[in-house]
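Below you'll find the structure, written out as structure tokens, and then a few comments.
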Amino acid sequence: MDGVALSDLDTLVAPLNFLVPMAQKPVAYNYEPPPGIPVRTGESEAHQVPIRDARPLAGQLSLDREGFVLLHHRSAVKDFYDEDEIRSAYYPECEQVIKAATGASRVVAFDHIVRNAVMSAIEGSGIKIPAKRVHNDYTLSSSPQRVRDLMGEEAEDLLRHRFAIINLWRPIRGPVLESPLTLCDAQSLCEENLIASDLRYPDRTGETYSITYNPNQRYYYFPKMQPDEPVLIRCFDSGLEGAARFSAHTGFDDPTSPPDAPPRESLEVRTLVFFPPQA
Ligand code: OGA
Ligand code: FE
């Protein structure tokens with residue numbers, strides 16, 4: 001990152017949870033597994049990791065390099081807890097924002113997660129708690145698989161050209177003072193730390209990367225994020241090479257959180273991003 005030196009950035013140190021390297025492929029269930037089957041295999045271990053305030057860098061971040069950017073965008077959505085409004089009004093908004101930010105010719109929002117630790121207790125709500133393991137949502141194989149799953153007959157044609165999977169992550173309430181999101185500079189990731197892991201749903205098995213610890217990984221966050229400050233997280237880009245095609249991110253326990261900080265509320269929307277064919 002040119003311009004601002006890393007040593008100029010405010011830094012906190014927080015525990016992040018990484019996968020302990022293991023022989024088998026890790027498996028996690030996104031639903032109540034059959035009796036006797038653990039919800040997740042694989043141990044995680046916390047490492048104390050420096051996490052830098054990326055606000056001074058915000059103007060120079062790029063999806064193609066770091067794999068994340070901070071935007072300014074105010075949503076017209078009134079109720080982020082209204083599933084119908086999310087799909088009918090917010091998905092198209094996210095598609096437009098990502099189109100403008102990337103130059104993509106087509107963006108298709110296909111999935112979302114609302115996170116709120118208090119409301120996650122409501123059965124059947126689908127609301128989740130913040131993630132507390134470093135991960136990437138898609139892998140080299142599950143990224144094109146999502147295109148095949150979702151784009152029907154168009155899929156093989158679309159897969160001939162550059163495509164990406166990008167999440168738009170936004171606080172529902174601000175400022176975020178608890179369990180903020182930390183993002184790894186994709187350029188600091190190594191292939192050996194990306195561990196393909198099964199994620200079982202009732203009807204299919206997805207694949208994510210669990211991340212093992214490497215002191216070379218550089219982590220950032222944006223303190224006190226507001227609802228008009230979405231972050232784009234580039235989970236995959238077929239136009240890039242090596243580990244830098246992916247990303248790594250997680251919520252984390254921020255030691256600087258005030259003790260009475262309200263629980264973080266956020267919404268992430270996942271999108272398929274298709275670029276125009278190169279001349
Ligand atoms: C994501 C994600 C974690 C969180 O947006 O893909 O993993 O705690 N978020 O919000
Ligand atoms: Fe994620």
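Going through the structure tokens in order, the chains are called A, B, and so on, while each chain numbers its residues from 1 and the ligands are numbered from 1 in the order shown.
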As a quick test: using only C-alpha atoms and all ligand atoms, which residues lie no more than 9 Å away from ligand 2? Give them as a PyMOL selection string. chain A and resi 131+134-138+167+208+233+235+248-250+268
Store the residues of this selection in a file with N, CA, C and O atoms, as a PDB file, in the first residue's frame.
```pdb
ATOM      1  N   ALA A 131     -19.619 -14.007  12.932  1.00  0.00           N
ATOM      2  CA  ALA A 131     -18.679 -15.118  12.740  1.00  0.00           C
ATOM      3  C   ALA A 131     -17.452 -14.862  13.615  1.00  0.00           C
ATOM      4  O   ALA A 131     -17.035 -13.726  13.777  1.00  0.00           O
ATOM      5  N   VAL A 134     -11.702 -17.139  11.266  1.00  0.00           N
ATOM      6  CA  VAL A 134     -11.205 -16.566  10.016  1.00  0.00           C
ATOM      7  C   VAL A 134     -11.523 -17.543   8.889  1.00  0.00           C
ATOM      8  O   VAL A 134     -11.253 -18.748   9.004  1.00  0.00           O
ATOM      9  N   HIS A 135     -12.127 -17.028   7.812  1.00  0.00           N
ATOM     10  CA  HIS A 135     -12.579 -17.902   6.726  1.00  0.00           C
ATOM     11  C   HIS A 135     -12.689 -17.115   5.433  1.00  0.00           C
ATOM     12  O   HIS A 135     -12.628 -15.885   5.429  1.00  0.00           O
ATOM     13  N   ASN A 136     -12.886 -17.849   4.342  1.00  0.00           N
ATOM     14  CA  ASN A 136     -13.361 -17.228   3.102  1.00  0.00           C
ATOM     15  C   ASN A 136     -14.576 -18.019   2.646  1.00  0.00           C
ATOM     16  O   ASN A 136     -14.613 -19.240   2.770  1.00  0.00           O
ATOM     17  N   ASP A 137     -15.571 -17.312   2.088  1.00  0.00           N
ATOM     18  CA  ASP A 137     -16.861 -17.953   1.852  1.00  0.00           C
ATOM     19  C   ASP A 137     -16.827 -18.992   0.734  1.00  0.00           C
ATOM     20  O   ASP A 137     -17.655 -19.905   0.721  1.00  0.00           O
ATOM     21  N   TYR A 138     -15.895 -18.835  -0.243  1.00  0.00           N
ATOM     22  CA  TYR A 138     -15.881 -19.727  -1.406  1.00  0.00           C
ATOM     23  C   TYR A 138     -14.456 -20.146  -1.738  1.00  0.00           C
ATOM     24  O   TYR A 138     -13.501 -19.482  -1.349  1.00  0.00           O
ATOM     25  N   ASN A 167     -19.184  -9.900  -1.591  1.00  0.00           N
ATOM     26  CA  ASN A 167     -20.189  -9.651  -0.554  1.00  0.00           C
ATOM     27  C   ASN A 167     -20.267  -8.152  -0.280  1.00  0.00           C
ATOM     28  O   ASN A 167     -19.230  -7.482  -0.226  1.00  0.00           O
ATOM     29  N   THR A 208     -15.950 -23.949   1.745  1.00  0.00           N
ATOM     30  CA  THR A 208     -15.373 -22.668   2.159  1.00  0.00           C
ATOM     31  C   THR A 208     -13.898 -22.905   2.478  1.00  0.00           C
ATOM     32  O   THR A 208     -13.459 -24.059   2.566  1.00  0.00           O
ATOM     33  N   ILE A 233     -16.460  -7.180   0.090  1.00  0.00           N
ATOM     34  CA  ILE A 233     -15.488  -8.243   0.361  1.00  0.00           C
ATOM     35  C   ILE A 233     -15.422  -9.115  -0.886  1.00  0.00           C
ATOM     36  O   ILE A 233     -16.408  -9.757  -1.252  1.00  0.00           O
ATOM     37  N   CYS A 235     -14.627 -12.287  -2.401  1.00  0.00           N
ATOM     38  CA  CYS A 235     -14.351 -13.660  -1.951  1.00  0.00           C
ATOM     39  C   CYS A 235     -13.615 -14.467  -3.012  1.00  0.00           C
ATOM     40  O   CYS A 235     -12.914 -15.423  -2.687  1.00  0.00           O
ATOM     41  N   ALA A 248      -9.837 -13.276   3.327  1.00  0.00           N
ATOM     42  CA  ALA A 248     -10.050 -13.901   4.630  1.00  0.00           C
ATOM     43  C   ALA A 248     -10.627 -12.818   5.524  1.00  0.00           C
ATOM     44  O   ALA A 248     -10.214 -11.655   5.452  1.00  0.00           O
ATOM     45  N   HIS A 249     -11.600 -13.197   6.338  1.00  0.00           N
ATOM     46  CA  HIS A 249     -12.264 -12.197   7.175  1.00  0.00           C
ATOM     47  C   HIS A 249     -12.986 -12.904   8.319  1.00  0.00           C
ATOM     48  O   HIS A 249     -13.213 -14.114   8.262  1.00  0.00           O
ATOM     49  N   THR A 250     -13.351 -12.136   9.312  1.00  0.00           N
ATOM     50  CA  THR A 250     -14.130 -12.662  10.446  1.00  0.00           C
ATOM     51  C   THR A 250     -14.572 -11.494  11.333  1.00  0.00           C
ATOM     52  O   THR A 250     -13.968 -10.414  11.271  1.00  0.00           O
ATOM     53  N   GLU A 268     -25.047  -8.979   5.362  1.00  0.00           N
ATOM     54  CA  GLU A 268     -24.149  -9.221   4.228  1.00  0.00           C
ATOM     55  C   GLU A 268     -24.944  -9.870   3.105  1.00  0.00           C
ATOM     56  O   GLU A 268     -25.717 -10.794   3.343  1.00  0.00           O
TER      57      GLU A 268
END
```
Please identify all polymer residues within 9 Å of Ser266 of chain A, counting only C-alpha atoms, omitting same-chain residues fewer than 5 positions from it, and present them as an MDAnalysis selection string. chainID A and resid 80 113:116 130 169:173 176 227
Just to confirm, what's the straight-line distance from atom CA of Pro255 of chain A to atom CA of Glu229 of chain A in Å (one decimal)? 22.3 Å
With a distance cut-off of 12 Å and only C-alpha atoms, select the neighbouring residues of Arg160 of chain A, excluding the residue or stretch itself and same-chain residues fewer than 3 positions from it, and output the selection as number ranges by chain. A: 144, 147, 154-157, 163, 238-239, 274-278
For those residues, write N, CA and C atoms to a file as a PDB file, in the first residue's frame.
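Listed below is the output, part_16.pdb:
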```
ATOM      1  N   PRO A 144     -17.030 -21.440  -9.005  1.00  0.00           N
ATOM      2  CA  PRO A 144     -17.761 -21.756 -10.251  1.00  0.00           C
ATOM      3  C   PRO A 144     -18.978 -22.647  -9.995  1.00  0.00           C
ATOM      4  N   VAL A 147     -21.982 -20.570  -9.564  1.00  0.00           N
ATOM      5  CA  VAL A 147     -22.482 -20.072 -10.850  1.00  0.00           C
ATOM      6  C   VAL A 147     -23.318 -21.162 -11.522  1.00  0.00           C
ATOM      7  N   GLU A 154     -27.227 -20.690 -18.634  1.00  0.00           N
ATOM      8  CA  GLU A 154     -26.245 -19.659 -18.988  1.00  0.00           C
ATOM      9  C   GLU A 154     -24.877 -19.928 -18.377  1.00  0.00           C
ATOM     10  N   ALA A 155     -24.825 -20.832 -17.397  1.00  0.00           N
ATOM     11  CA  ALA A 155     -23.637 -20.942 -16.550  1.00  0.00           C
ATOM     12  C   ALA A 155     -22.354 -21.173 -17.345  1.00  0.00           C
ATOM     13  N   GLU A 156     -22.340 -22.168 -18.205  1.00  0.00           N
ATOM     14  CA  GLU A 156     -21.083 -22.519 -18.881  1.00  0.00           C
ATOM     15  C   GLU A 156     -20.583 -21.368 -19.742  1.00  0.00           C
ATOM     16  N   ASP A 157     -21.510 -20.656 -20.362  1.00  0.00           N
ATOM     17  CA  ASP A 157     -21.146 -19.485 -21.158  1.00  0.00           C
ATOM     18  C   ASP A 157     -20.544 -18.398 -20.275  1.00  0.00           C
ATOM     19  N   PHE A 163     -15.212 -13.745 -13.765  1.00  0.00           N
ATOM     20  CA  PHE A 163     -16.303 -13.509 -12.815  1.00  0.00           C
ATOM     21  C   PHE A 163     -15.743 -13.467 -11.401  1.00  0.00           C
ATOM     22  N   SER A 238     -11.916 -14.735 -10.684  1.00  0.00           N
ATOM     23  CA  SER A 238     -11.250 -15.652 -11.609  1.00  0.00           C
ATOM     24  C   SER A 238     -10.205 -14.939 -12.455  1.00  0.00           C
ATOM     25  N   GLY A 239     -10.187 -13.598 -12.416  1.00  0.00           N
ATOM     26  CA  GLY A 239      -9.213 -12.845 -13.202  1.00  0.00           C
ATOM     27  C   GLY A 239      -7.882 -12.671 -12.503  1.00  0.00           C
ATOM     28  N   PHE A 274     -20.245 -10.599 -12.953  1.00  0.00           N
ATOM     29  CA  PHE A 274     -19.754 -11.012 -14.269  1.00  0.00           C
ATOM     30  C   PHE A 274     -19.188  -9.807 -15.014  1.00  0.00           C
ATOM     31  N   PHE A 275     -17.996  -9.980 -15.559  1.00  0.00           N
ATOM     32  CA  PHE A 275     -17.335  -8.894 -16.275  1.00  0.00           C
ATOM     33  C   PHE A 275     -17.543  -9.054 -17.767  1.00  0.00           C
ATOM     34  N   PRO A 276     -17.524  -7.913 -18.489  1.00  0.00           N
ATOM     35  CA  PRO A 276     -17.718  -8.021 -19.948  1.00  0.00           C
ATOM     36  C   PRO A 276     -16.573  -8.813 -20.570  1.00  0.00           C
ATOM     37  N   PRO A 277     -16.863  -9.579 -21.624  1.00  0.00           N
ATOM     38  CA  PRO A 277     -15.786 -10.311 -22.306  1.00  0.00           C
ATOM     39  C   PRO A 277     -14.712  -9.339 -22.777  1.00  0.00           C
ATOM     40  N   GLN A 278     -13.449  -9.727 -22.629  1.00  0.00           N
ATOM     41  CA  GLN A 278     -12.334  -8.887 -23.084  1.00  0.00           C
ATOM     42  C   GLN A 278     -12.271  -8.911 -24.599  1.00  0.00           C
TER      43      GLN A 278
END
```
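Separating atom CA of Glu85 of chain A from atom CA of Glu265 of chain A is a distance of 17.0 Å.
Closest approach to Gln60 of chain A among A:Val4, A:Val77, A:Ile86, A:Leu232 is made by A:Val4 (distances from only C-alpha atoms).
In this structure, atom 6 (O, counted along the ligand's line) of ligand 1 sits 15.0 Å away from atom CA of Asp237 of chain A.
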List the spatial neighbours of Leu183 of chain A as an MDAnalysis selection string - criterion: any atom at most 9 Å away, only C-alpha atoms, same-chain residues fewer than 5 positions off excluded. chainID A and resid 51 66:68 218:221 233 247:251
